[in-house]
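**Q** coords-v6.txt (compact mmCIF, C-alpha atoms) pasted underneath:
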```
# COMPACT_ATOMS: atom_id res chain seq x y z
CA MET A 32 -155.81 -56.19 -54.83
CA GLN A 33 -152.54 -57.30 -53.26
CA ARG A 34 -150.91 -54.88 -50.82
CA ILE A 35 -147.23 -54.05 -51.16
CA ALA A 36 -145.09 -52.27 -48.54
CA ILE A 37 -141.95 -50.61 -49.93
CA ASP A 38 -139.09 -49.42 -47.73
CA MET A 39 -137.37 -46.08 -48.37
CA ASP A 40 -133.74 -46.04 -47.15
CA GLY A 41 -131.62 -48.48 -49.12
CA VAL A 42 -134.51 -49.36 -51.44
CA LEU A 43 -135.87 -46.11 -52.90
CA ALA A 44 -133.30 -43.70 -51.44
CA ASP A 45 -129.59 -44.33 -51.96
CA VAL A 46 -128.40 -43.71 -48.41
CA TYR A 47 -125.01 -45.36 -49.03
CA HIS A 48 -124.27 -42.56 -51.48
CA GLN A 49 -124.82 -40.16 -48.57
CA PHE A 50 -122.72 -42.27 -46.17
CA PHE A 51 -119.77 -42.37 -48.57
CA GLU A 52 -119.95 -38.64 -49.35
CA MET A 53 -120.13 -37.54 -45.72
CA ASP A 54 -117.53 -40.08 -44.65
CA GLU A 55 -115.14 -38.77 -47.31
CA LYS A 56 -115.64 -35.22 -46.02
CA ASP A 57 -114.97 -36.34 -42.45
CA PHE A 58 -111.94 -38.55 -43.13
CA GLY A 59 -110.38 -36.89 -46.20
CA GLN A 60 -110.54 -39.87 -48.53
CA ARG A 61 -113.12 -42.12 -50.14
CA ARG A 62 -113.65 -45.28 -48.11
CA PRO A 63 -113.37 -48.36 -50.38
CA MET A 64 -116.60 -50.34 -50.83
CA GLU A 65 -114.86 -53.54 -49.64
CA GLU A 66 -114.37 -51.93 -46.24
CA VAL A 67 -118.11 -51.56 -45.59
CA THR A 68 -119.43 -54.61 -47.45
CA GLY A 69 -120.86 -57.32 -45.24
CA LYS A 70 -120.88 -55.08 -42.16
CA PRO A 71 -123.81 -53.46 -40.40
CA GLU A 72 -124.11 -49.83 -41.56
CA ARG A 73 -123.07 -48.55 -38.14
CA GLU A 74 -119.85 -50.57 -38.28
CA GLY A 75 -118.97 -49.60 -41.85
CA PHE A 76 -119.17 -45.86 -41.16
CA PRO A 77 -117.95 -44.86 -37.68
CA ASN A 78 -119.68 -41.43 -37.74
CA ILE A 79 -122.95 -42.65 -39.24
CA LEU A 80 -125.15 -41.48 -36.38
CA GLN A 81 -123.92 -37.94 -36.94
CA TYR A 82 -124.69 -38.20 -40.66
CA VAL A 83 -128.30 -39.26 -40.30
CA TYR A 84 -128.93 -36.38 -37.88
CA ARG A 85 -127.47 -33.79 -40.27
CA GLN A 86 -130.01 -31.50 -41.89
CA GLY A 87 -130.58 -32.58 -45.48
CA PHE A 88 -129.25 -36.13 -45.10
CA PHE A 89 -132.58 -37.68 -46.16
CA ARG A 90 -133.83 -34.73 -48.21
CA THR A 91 -130.88 -34.84 -50.63
CA ALA A 92 -130.46 -38.62 -50.99
CA PRO A 93 -130.35 -39.76 -54.65
CA VAL A 94 -133.23 -41.84 -56.00
CA MET A 95 -132.39 -45.49 -56.76
CA GLU A 96 -132.07 -46.17 -60.47
CA ASP A 97 -135.34 -47.09 -62.25
CA SER A 98 -137.32 -46.97 -59.01
CA ARG A 99 -139.48 -44.00 -59.95
CA GLN A 100 -140.92 -45.50 -63.14
CA ILE A 101 -141.32 -48.98 -61.69
CA VAL A 102 -143.01 -47.78 -58.48
CA GLU A 103 -145.38 -45.76 -60.65
CA GLU A 104 -146.31 -48.94 -62.53
CA LEU A 105 -146.62 -50.95 -59.30
CA ASN A 106 -148.88 -48.21 -57.96
CA LYS A 107 -151.41 -49.00 -60.70
CA LYS A 108 -151.44 -52.72 -60.03
CA TYR A 109 -151.09 -52.97 -56.24
CA ASP A 110 -152.44 -51.37 -53.07
CA LEU A 111 -149.10 -49.68 -52.50
CA TYR A 112 -147.64 -48.15 -49.33
CA ILE A 113 -144.25 -46.60 -48.64
CA VAL A 114 -143.25 -47.81 -45.16
CA SER A 115 -140.18 -46.23 -43.59
CA ALA A 116 -138.72 -46.94 -40.17
CA ALA A 117 -138.24 -43.26 -39.42
CA THR A 118 -139.28 -42.48 -35.86
CA GLU A 119 -135.77 -43.29 -34.55
CA PHE A 120 -134.77 -39.98 -36.18
CA PRO A 121 -137.69 -37.58 -35.67
CA GLN A 122 -136.10 -34.75 -37.66
CA SER A 123 -136.13 -37.08 -40.68
CA LEU A 124 -139.92 -37.21 -40.89
CA PRO A 125 -140.60 -33.94 -42.76
CA GLU A 126 -137.46 -34.50 -44.91
CA LYS A 127 -138.65 -37.93 -45.93
CA GLN A 128 -142.13 -36.75 -46.76
CA ALA A 129 -140.77 -33.82 -48.81
CA TRP A 130 -138.42 -36.22 -50.61
CA LEU A 131 -141.31 -38.53 -51.50
CA ASN A 132 -143.43 -35.61 -52.67
CA GLU A 133 -140.62 -34.45 -54.97
CA HIS A 134 -139.50 -37.76 -56.45
CA PHE A 135 -142.67 -39.86 -56.22
CA PRO A 136 -145.41 -37.24 -56.65
CA PHE A 137 -148.01 -39.90 -57.48
CA ILE A 138 -147.74 -41.29 -53.92
CA THR A 139 -150.45 -39.71 -51.77
CA TRP A 140 -150.16 -38.90 -48.06
CA GLN A 141 -152.61 -41.75 -47.44
CA GLN A 142 -149.97 -44.20 -48.75
CA MET A 143 -147.12 -43.08 -46.46
CA VAL A 144 -146.21 -44.80 -43.19
CA PHE A 145 -143.42 -43.58 -40.92
CA CYS A 146 -142.95 -46.04 -38.12
CA GLY A 147 -140.45 -47.69 -35.81
CA SER A 148 -141.06 -51.43 -35.77
CA LYS A 149 -142.63 -52.79 -38.96
CA GLN A 150 -144.24 -55.72 -37.14
CA ILE A 151 -147.57 -53.86 -37.17
CA ILE A 152 -147.59 -53.67 -40.99
CA GLN A 153 -150.04 -55.93 -42.80
CA ALA A 154 -149.27 -56.57 -46.47
CA ASN A 155 -148.83 -59.36 -49.00
CA ILE A 156 -145.46 -58.21 -50.30
CA MET A 157 -142.64 -56.38 -48.51
CA ILE A 158 -139.51 -54.96 -50.16
CA ASP A 159 -136.81 -54.08 -47.64
CA ASP A 160 -133.03 -54.19 -47.20
CA HIS A 161 -133.09 -55.18 -43.52
CA PHE A 162 -133.56 -58.67 -42.12
CA ARG A 163 -134.96 -57.12 -38.93
CA ASN A 164 -137.96 -55.93 -40.95
CA LEU A 165 -138.39 -58.89 -43.32
CA ASP A 166 -137.91 -61.63 -40.71
CA HIS A 167 -141.06 -60.57 -38.82
CA PHE A 168 -143.12 -60.08 -41.95
CA LYS A 169 -146.22 -62.30 -42.09
CA GLY A 170 -147.12 -61.74 -45.77
CA GLU A 171 -146.50 -64.15 -48.64
CA THR A 172 -143.59 -62.48 -50.46
CA SER A 173 -140.55 -60.83 -48.89
CA LEU A 174 -137.96 -59.33 -51.21
CA LEU A 175 -134.51 -58.50 -49.84
CA TYR A 176 -133.08 -55.52 -51.69
CA THR A 177 -129.30 -55.94 -51.92
CA GLN A 178 -127.29 -53.35 -50.05
CA PRO A 179 -123.68 -53.59 -48.85
CA HIS A 180 -124.77 -54.42 -45.27
CA ASN A 181 -126.88 -57.44 -46.29
CA VAL A 182 -124.65 -59.32 -48.77
CA GLN A 183 -124.02 -62.15 -46.29
CA THR A 184 -125.78 -65.45 -46.96
CA ASN A 185 -129.53 -65.06 -47.09
CA GLU A 186 -130.27 -68.69 -46.14
CA GLY A 187 -133.27 -68.69 -48.45
CA ARG A 188 -135.45 -66.79 -46.02
CA HIS A 189 -136.23 -64.08 -48.55
CA LYS A 190 -135.94 -63.65 -52.29
CA ARG A 191 -132.97 -61.41 -53.08
CA VAL A 192 -133.34 -58.62 -55.64
CA ASN A 193 -130.35 -56.58 -56.80
CA ASN A 194 -132.06 -53.69 -58.57
CA TRP A 195 -135.46 -52.32 -59.51
CA LYS A 196 -135.52 -54.04 -62.92
CA GLU A 197 -135.44 -57.38 -61.09
CA ILE A 198 -138.37 -56.24 -58.94
CA ALA A 199 -140.29 -55.30 -62.10
CA GLY A 200 -139.56 -58.76 -63.51
CA ILE A 201 -141.12 -60.40 -60.45
CA LEU A 202 -144.05 -58.09 -59.73
CA LEU A 203 -145.10 -56.53 -63.04
CA MET B 273 -149.54 -60.95 -26.52
CA GLN B 274 -152.43 -59.04 -28.04
CA ARG B 275 -151.58 -56.00 -30.11
CA ILE B 276 -153.36 -52.70 -29.49
CA ALA B 277 -153.29 -49.65 -31.77
CA ILE B 278 -154.18 -46.37 -30.04
CA ASP B 279 -155.02 -43.19 -31.94
CA MET B 280 -153.65 -39.80 -30.84
CA ASP B 281 -155.94 -36.92 -31.87
CA GLY B 282 -159.27 -37.09 -30.08
CA VAL B 283 -158.17 -40.11 -28.02
CA LEU B 284 -154.89 -39.19 -26.27
CA ALA B 285 -154.69 -35.54 -27.32
CA ASP B 286 -157.62 -33.21 -26.70
CA VAL B 287 -157.73 -31.50 -30.08
CA TYR B 288 -161.22 -30.09 -29.48
CA HIS B 289 -159.72 -28.00 -26.69
CA GLN B 290 -157.41 -26.53 -29.33
CA PHE B 291 -160.23 -26.05 -31.84
CA PHE B 292 -162.38 -24.14 -29.31
CA GLU B 293 -159.48 -21.96 -28.14
CA MET B 294 -158.33 -20.97 -31.62
CA ASP B 295 -161.90 -20.54 -32.84
CA GLU B 296 -162.61 -18.18 -29.93
CA LYS B 297 -159.55 -16.11 -30.85
CA ASP B 298 -160.63 -15.92 -34.48
CA PHE B 299 -164.33 -15.14 -33.88
CA GLY B 300 -164.24 -13.25 -30.59
CA GLN B 301 -166.51 -15.55 -28.62
CA ARG B 302 -166.62 -19.13 -27.41
CA ARG B 303 -168.53 -21.36 -29.81
CA PRO B 304 -171.16 -23.39 -27.89
CA MET B 305 -170.60 -27.16 -27.83
CA GLU B 306 -174.07 -27.77 -29.29
CA GLU B 307 -173.01 -25.99 -32.45
CA VAL B 308 -170.24 -28.49 -33.24
CA THR B 309 -171.78 -31.66 -31.81
CA GLY B 310 -172.77 -34.26 -34.39
CA LYS B 311 -170.91 -32.47 -37.16
CA PRO B 312 -167.66 -33.44 -38.89
CA GLU B 313 -164.80 -31.46 -37.34
CA ARG B 314 -164.34 -29.45 -40.53
CA GLU B 315 -167.98 -28.35 -40.46
CA GLY B 316 -167.98 -27.46 -36.77
CA PHE B 317 -165.01 -25.13 -37.05
CA PRO B 318 -164.88 -23.16 -40.33
CA ASN B 319 -161.16 -22.26 -39.97
CA ILE B 320 -160.03 -25.68 -38.79
CA LEU B 321 -157.55 -26.26 -41.63
CA GLN B 322 -155.71 -23.11 -40.58
CA TYR B 323 -155.61 -24.27 -36.95
CA VAL B 324 -154.01 -27.65 -37.62
CA TYR B 325 -151.32 -25.99 -39.74
CA ARG B 326 -150.46 -23.48 -36.99
CA GLN B 327 -147.15 -24.11 -35.27
CA GLY B 328 -147.78 -25.63 -31.86
CA PHE B 329 -151.30 -26.89 -32.55
CA PHE B 330 -150.35 -30.52 -31.84
CA ARG B 331 -147.41 -29.79 -29.55
CA THR B 332 -149.55 -27.89 -27.01
CA ALA B 333 -152.70 -30.07 -27.05
CA PRO B 334 -153.81 -31.13 -23.54
CA VAL B 335 -153.58 -34.79 -22.59
CA MET B 336 -156.91 -36.62 -22.22
CA GLU B 337 -157.85 -37.22 -18.58
CA ASP B 338 -156.49 -40.47 -17.08
CA SER B 339 -154.92 -41.53 -20.37
CA ARG B 340 -151.29 -41.35 -19.23
CA GLN B 341 -151.66 -43.76 -16.32
CA ILE B 342 -153.96 -46.15 -18.16
CA VAL B 343 -151.79 -46.28 -21.29
CA GLU B 344 -148.82 -47.00 -19.04
CA GLU B 345 -150.70 -49.97 -17.57
CA LEU B 346 -151.85 -51.16 -21.01
CA ASN B 347 -148.23 -50.94 -22.16
CA LYS B 348 -147.32 -53.66 -19.64
CA LYS B 349 -150.08 -56.01 -20.74
CA TYR B 350 -150.29 -55.47 -24.50
CA ASP B 351 -148.04 -55.10 -27.55
CA LEU B 352 -148.92 -51.44 -27.76
CA TYR B 353 -148.56 -48.99 -30.65
CA ILE B 354 -149.57 -45.36 -30.99
CA VAL B 355 -150.97 -44.99 -34.51
CA SER B 356 -151.69 -41.50 -35.74
CA ALA B 357 -153.00 -40.46 -39.15
CA ALA B 358 -150.52 -37.63 -39.45
CA THR B 359 -149.05 -37.52 -42.95
CA GLU B 360 -151.89 -35.25 -44.16
CA PHE B 361 -150.13 -32.54 -42.13
CA PRO B 362 -146.38 -33.12 -42.51
CA GLN B 363 -145.38 -30.33 -40.14
CA SER B 364 -147.29 -32.18 -37.40
CA LEU B 365 -144.92 -35.17 -37.40
CA PRO B 366 -142.10 -33.77 -35.22
CA GLU B 367 -144.68 -32.01 -32.99
CA LYS B 368 -146.55 -35.24 -32.42
CA GLN B 369 -143.42 -37.20 -31.64
CA ALA B 370 -142.20 -34.51 -29.21
CA TRP B 371 -145.65 -34.48 -27.57
CA LEU B 372 -145.55 -38.26 -27.11
CA ASN B 373 -142.02 -38.10 -25.72
CA GLU B 374 -143.11 -35.49 -23.17
CA HIS B 375 -146.42 -36.92 -22.00
CA PHE B 376 -145.91 -40.66 -22.62
CA PRO B 377 -142.15 -41.09 -22.04
CA PHE B 378 -142.51 -44.86 -21.66
CA ILE B 379 -143.55 -45.16 -25.33
CA THR B 380 -140.47 -45.94 -27.44
CA TRP B 381 -139.88 -44.78 -31.01
CA GLN B 382 -140.40 -48.40 -32.07
CA GLN B 383 -144.03 -48.12 -30.89
CA MET B 384 -144.93 -45.01 -32.90
CA VAL B 385 -146.65 -45.06 -36.29
CA PHE B 386 -147.44 -41.92 -38.27
CA CYS B 387 -149.45 -42.84 -41.32
CA GLY B 388 -152.20 -41.78 -43.67
CA SER B 389 -154.65 -44.62 -44.14
CA LYS B 390 -154.82 -47.05 -41.20
CA GLN B 391 -155.86 -49.96 -43.43
CA ILE B 392 -152.30 -51.28 -43.35
CA ILE B 393 -152.33 -51.60 -39.55
CA GLN B 394 -152.54 -55.11 -38.12
CA ALA B 395 -153.69 -55.36 -34.52
CA ASN B 396 -156.20 -57.12 -32.29
CA ILE B 397 -157.63 -53.98 -30.70
CA MET B 398 -158.01 -50.47 -32.11
CA ILE B 399 -159.06 -47.36 -30.18
CA ASP B 400 -160.02 -44.47 -32.44
CA ASP B 401 -162.55 -41.65 -32.70
CA HIS B 402 -163.06 -41.91 -36.46
CA PHE B 403 -165.33 -44.36 -38.26
CA ARG B 404 -163.08 -44.05 -41.33
CA ASN B 405 -160.33 -45.78 -39.36
CA LEU B 406 -162.40 -48.27 -37.36
CA ASP B 407 -164.65 -49.40 -40.23
CA HIS B 408 -161.69 -50.88 -42.15
CA PHE B 409 -160.13 -52.48 -39.08
CA LYS B 410 -159.81 -56.27 -39.35
CA GLY B 411 -158.97 -57.00 -35.68
CA GLU B 412 -161.35 -58.41 -33.07
CA THR B 413 -162.07 -55.34 -30.92
CA SER B 414 -162.75 -51.81 -32.15
CA LEU B 415 -163.42 -49.14 -29.54
CA LEU B 416 -164.97 -45.85 -30.64
CA TYR B 417 -163.76 -43.04 -28.39
CA THR B 418 -166.55 -40.49 -28.01
CA GLN B 419 -165.81 -37.09 -29.49
CA PRO B 420 -168.29 -34.39 -30.53
CA HIS B 421 -168.03 -35.35 -34.20
CA ASN B 422 -168.99 -39.00 -33.65
CA VAL B 423 -172.00 -38.81 -31.29
CA GLN B 424 -174.43 -39.88 -34.01
CA THR B 425 -175.79 -43.42 -33.80
CA ASN B 426 -173.06 -46.03 -33.83
CA GLU B 427 -175.28 -48.81 -35.21
CA GLY B 428 -173.41 -51.33 -33.08
CA ARG B 429 -170.43 -51.49 -35.40
CA HIS B 430 -167.99 -50.60 -32.62
CA LYS B 431 -168.07 -50.52 -28.85
CA ARG B 432 -168.36 -46.92 -27.67
CA VAL B 433 -166.14 -45.67 -24.84
CA ASN B 434 -166.61 -42.24 -23.31
CA ASN B 435 -163.41 -41.85 -21.31
CA TRP B 436 -160.19 -43.63 -20.40
CA LYS B 437 -161.64 -45.17 -17.22
CA GLU B 438 -164.11 -47.07 -19.39
CA ILE B 439 -161.22 -48.32 -21.55
CA ALA B 440 -159.42 -49.51 -18.41
CA GLY B 441 -162.57 -51.35 -17.36
CA ILE B 442 -162.63 -53.24 -20.65
CA LEU B 443 -158.94 -53.89 -21.26
CA LEU B 444 -157.23 -54.05 -17.85
```
So, in terms of structure tokens, how does the structure I just supplied come out?
**A**
Amino acid sequence: MQRIAIDMDGVLADVYHQFFEMDEKDFGQRRPMEEVTGKPEREGFPNILQYVYRQGFFRTAPVMEDSRQIVEELNKKYDLYIVSAATEFPQSLPEKQAWLNEHFPFITWQQMVFCGSKQIIQANIMIDDHFRNLDHFKGETSLLYTQPHNVQTNEGRHKRVNNWKEIAGILL
Amino acid sequence: MQRIAIDMDGVLADVYHQFFEMDEKDFGQRRPMEEVTGKPEREGFPNILQYVYRQGFFRTAPVMEDSRQIVEELNKKYDLYIVSAATEFPQSLPEKQAWLNEHFPFITWQQMVFCGSKQIIQANIMIDDHFRNLDHFKGETSLLYTQPHNVQTNEGRHKRVNNWKEIAGILL
């Protein structure tokens, strides 16, 4: 059975929704998408490090459209793990696990990985929105999940996917 | 550079110390070592599931003798990760990270992995006290760290180490 490693932030959890909401509260108006597109997350939102440390930031993130049903299907066909680079923000760990338990209740604790570097992860398929994770991946298939920070040219290193329906089309 | 994955509980953190202390408080007398030796941890200590859920259980565990200095030396020679099966007890995650930050301050957040199953971990060397982790390990060297629950015959599947000085003798 092929093993698949699925990222959380920017793949299952819509963290940009959180960035925009908190940024609007801090600066009094909604930042236009064009202003953050093509920039690293930390450049697009000046106060981002405060946001990710706020209680509830991860716990209340919306679920990406269609991800729940498609991950449930993938979970029947693949040896599936949720792999989140989370140890940079220790307070996020219980929030992330509670979020997974609520929205993806079919994912067991055995299938969760909260790490820093993903270089230690062994899988056949990785879905992630960050080049820093995908570029070191040794497996056969790396899918780049489109997020505003990664819209720059992909140079063919990874297969780009724009939503969960496209992932289903490739993997199911 | 060879990658090494080091377990926490029963390898870096002396959880049996915690089991004996809490068990003595619950039952009024110190349980003799012979009574828990050769038994799974959950059989040796009837209330163990309560202990690991108690606040501070992981945070206050003593550090295994010599481990700090030897891990610091290993960290210079190997691509080193601390890999702890921790997601079974979500409240343990911040405690474990705080414990690592206190006792092993040279370990960065990038080097920490809190997971469930360790089958997804790719490394050359694994040090662990549980057969369930070592038996699935695909790397070249698996070291079984002696703990009361694993003293039964090893059948040569893994190299047994009884303390951190023995690990240093093999890996440094």
**Q** Rounded to one decimal, what separation in Å do you get between CA of Gly300 in chain B and CA of Phe330 in chain B?
**A** 22.2 Å
**Q** What's the 9 Å shell around Gln128 in chain A, counting only C-alpha atoms, without same-chain residues fewer than 4 positions away, as a list of chain:residue names?
**A** A:Arg90, A:Ser123, A:Leu124, A:Asn132, A:Glu133, A:Trp140, A:Met143, B:Thr359, B:Pro362
**Q** I'd like the contact shell of Leu174 in chain A - 12 Å cut-off, only C-alpha atoms, skipping same-chain residues fewer than 4 positions apart - returned as a PyMOL selection string.
**A** chain A and resi 35-38+42+155-162+164-166+168+170+185+187-195+197-199+201-202
**Q** I'd like the contact shell of Leu321 in chain B - 10 Å cut-off, only C-alpha atoms, skipping same-chain residues fewer than 6 positions apart - returned as an mmCIF file with C-alpha atoms, keeping the file's coordinate frame.
**A**
```cif
data_model
loop_
_atom_site.group_PDB
_atom_site.id
_atom_site.type_symbol
_atom_site.label_atom_id
_atom_site.label_comp_id
_atom_site.auth_asym_id
_atom_site.auth_seq_id
_atom_site.Cartn_x
_atom_site.Cartn_y
_atom_site.Cartn_z
ATOM 1 C CA GLU B 313 -164.800 -31.460 -37.340
ATOM 2 C CA ARG B 314 -164.340 -29.450 -40.530
ATOM 3 C CA PHE B 361 -150.130 -32.540 -42.130
#
```
**Q** Taking all atoms listed in the file into account, report as a JSON list (two decimals) with C-alpha atoms, in the coordinates of the input which residues of chain A lie within 9 Å of chain B.
**A**
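Here's the written file result.json:
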```json
[["chain", "number", "residue", "atom", "x", "y", "z"],
["A", 34, "ARG", "CA", -150.91, -54.88, -50.82],
["A", 36, "ALA", "CA", -145.09, -52.27, -48.54],
["A", 112, "TYR", "CA", -147.64, -48.15, -49.33],
["A", 114, "VAL", "CA", -143.25, -47.81, -45.16],
["A", 116, "ALA", "CA", -138.72, -46.94, -40.17],
["A", 117, "ALA", "CA", -138.24, -43.26, -39.42],
["A", 118, "THR", "CA", -139.28, -42.48, -35.86],
["A", 119, "GLU", "CA", -135.77, -43.29, -34.55],
["A", 120, "PHE", "CA", -134.77, -39.98, -36.18],
["A", 121, "PRO", "CA", -137.69, -37.58, -35.67],
["A", 122, "GLN", "CA", -136.10, -34.75, -37.66],
["A", 123, "SER", "CA", -136.13, -37.08, -40.68],
["A", 124, "LEU", "CA", -139.92, -37.21, -40.89],
["A", 125, "PRO", "CA", -140.60, -33.94, -42.76],
["A", 128, "GLN", "CA", -142.13, -36.75, -46.76],
["A", 129, "ALA", "CA", -140.77, -33.82, -48.81],
["A", 139, "THR", "CA", -150.45, -39.71, -51.77],
["A", 140, "TRP", "CA", -150.16, -38.90, -48.06],
["A", 141, "GLN", "CA", -152.61, -41.75, -47.44],
["A", 142, "GLN", "CA", -149.97, -44.20, -48.75],
["A", 143, "MET", "CA", -147.12, -43.08, -46.46],
["A", 144, "VAL", "CA", -146.21, -44.80, -43.19],
["A", 145, "PHE", "CA", -143.42, -43.58, -40.92],
["A", 146, "CYS", "CA", -142.95, -46.04, -38.12],
["A", 147, "GLY", "CA", -140.45, -47.69, -35.81],
["A", 148, "SER", "CA", -141.06, -51.43, -35.77],
["A", 149, "LYS", "CA", -142.63, -52.79, -38.96],
["A", 150, "GLN", "CA", -144.24, -55.72, -37.14],
["A", 151, "ILE", "CA", -147.57, -53.86, -37.17],
["A", 152, "ILE", "CA", -147.59, -53.67, -40.99],
["A", 153, "GLN", "CA", -150.04, -55.93, -42.80],
["A", 154, "ALA", "CA", -149.27, -56.57, -46.47]]
```
**Q** Near range 47-50 of chain A, counting only C-alpha atoms, which residues have an atom at most 12 Å away, once you skip same-chain residues fewer than 2 positions from it, shown as an MDAnalysis selection string?
**A** chainID A and resid 40:45 52:58 61:64 67:68 71:85 87:95 177:180
**Q** Go ahead and write the selection's residues with C-alpha atoms as a short mmCIF file (atom, residue, chain, number, x, y, z; two decimals), in the coordinates of the input.
**A**
```
data_model
loop_
_atom_site.label_atom_id
_atom_site.label_comp_id
_atom_site.auth_asym_id
_atom_site.auth_seq_id
_atom_site.Cartn_x
_atom_site.Cartn_y
_atom_site.Cartn_z
CA ASP A 40 -133.74 -46.04 -47.15
CA GLY A 41 -131.62 -48.48 -49.12
CA VAL A 42 -134.51 -49.36 -51.44
CA LEU A 43 -135.87 -46.11 -52.90
CA ALA A 44 -133.30 -43.70 -51.44
CA ASP A 45 -129.59 -44.33 -51.96
CA GLU A 52 -119.95 -38.64 -49.35
CA MET A 53 -120.13 -37.54 -45.72
CA ASP A 54 -117.53 -40.08 -44.65
CA GLU A 55 -115.14 -38.77 -47.31
CA LYS A 56 -115.64 -35.22 -46.02
CA ASP A 57 -114.97 -36.34 -42.45
CA PHE A 58 -111.94 -38.55 -43.13
CA ARG A 61 -113.12 -42.12 -50.14
CA ARG A 62 -113.65 -45.28 -48.11
CA PRO A 63 -113.37 -48.36 -50.38
CA MET A 64 -116.60 -50.34 -50.83
CA VAL A 67 -118.11 -51.56 -45.59
CA THR A 68 -119.43 -54.61 -47.45
CA PRO A 71 -123.81 -53.46 -40.40
CA GLU A 72 -124.11 -49.83 -41.56
CA ARG A 73 -123.07 -48.55 -38.14
CA GLU A 74 -119.85 -50.57 -38.28
CA GLY A 75 -118.97 -49.60 -41.85
CA PHE A 76 -119.17 -45.86 -41.16
CA PRO A 77 -117.95 -44.86 -37.68
CA ASN A 78 -119.68 -41.43 -37.74
CA ILE A 79 -122.95 -42.65 -39.24
CA LEU A 80 -125.15 -41.48 -36.38
CA GLN A 81 -123.92 -37.94 -36.94
CA TYR A 82 -124.69 -38.20 -40.66
CA VAL A 83 -128.30 -39.26 -40.30
CA TYR A 84 -128.93 -36.38 -37.88
CA ARG A 85 -127.47 -33.79 -40.27
CA GLY A 87 -130.58 -32.58 -45.48
CA PHE A 88 -129.25 -36.13 -45.10
CA PHE A 89 -132.58 -37.68 -46.16
CA ARG A 90 -133.83 -34.73 -48.21
CA THR A 91 -130.88 -34.84 -50.63
CA ALA A 92 -130.46 -38.62 -50.99
CA PRO A 93 -130.35 -39.76 -54.65
CA VAL A 94 -133.23 -41.84 -56.00
CA MET A 95 -132.39 -45.49 -56.76
CA THR A 177 -129.30 -55.94 -51.92
CA GLN A 178 -127.29 -53.35 -50.05
CA PRO A 179 -123.68 -53.59 -48.85
CA HIS A 180 -124.77 -54.42 -45.27
#
```
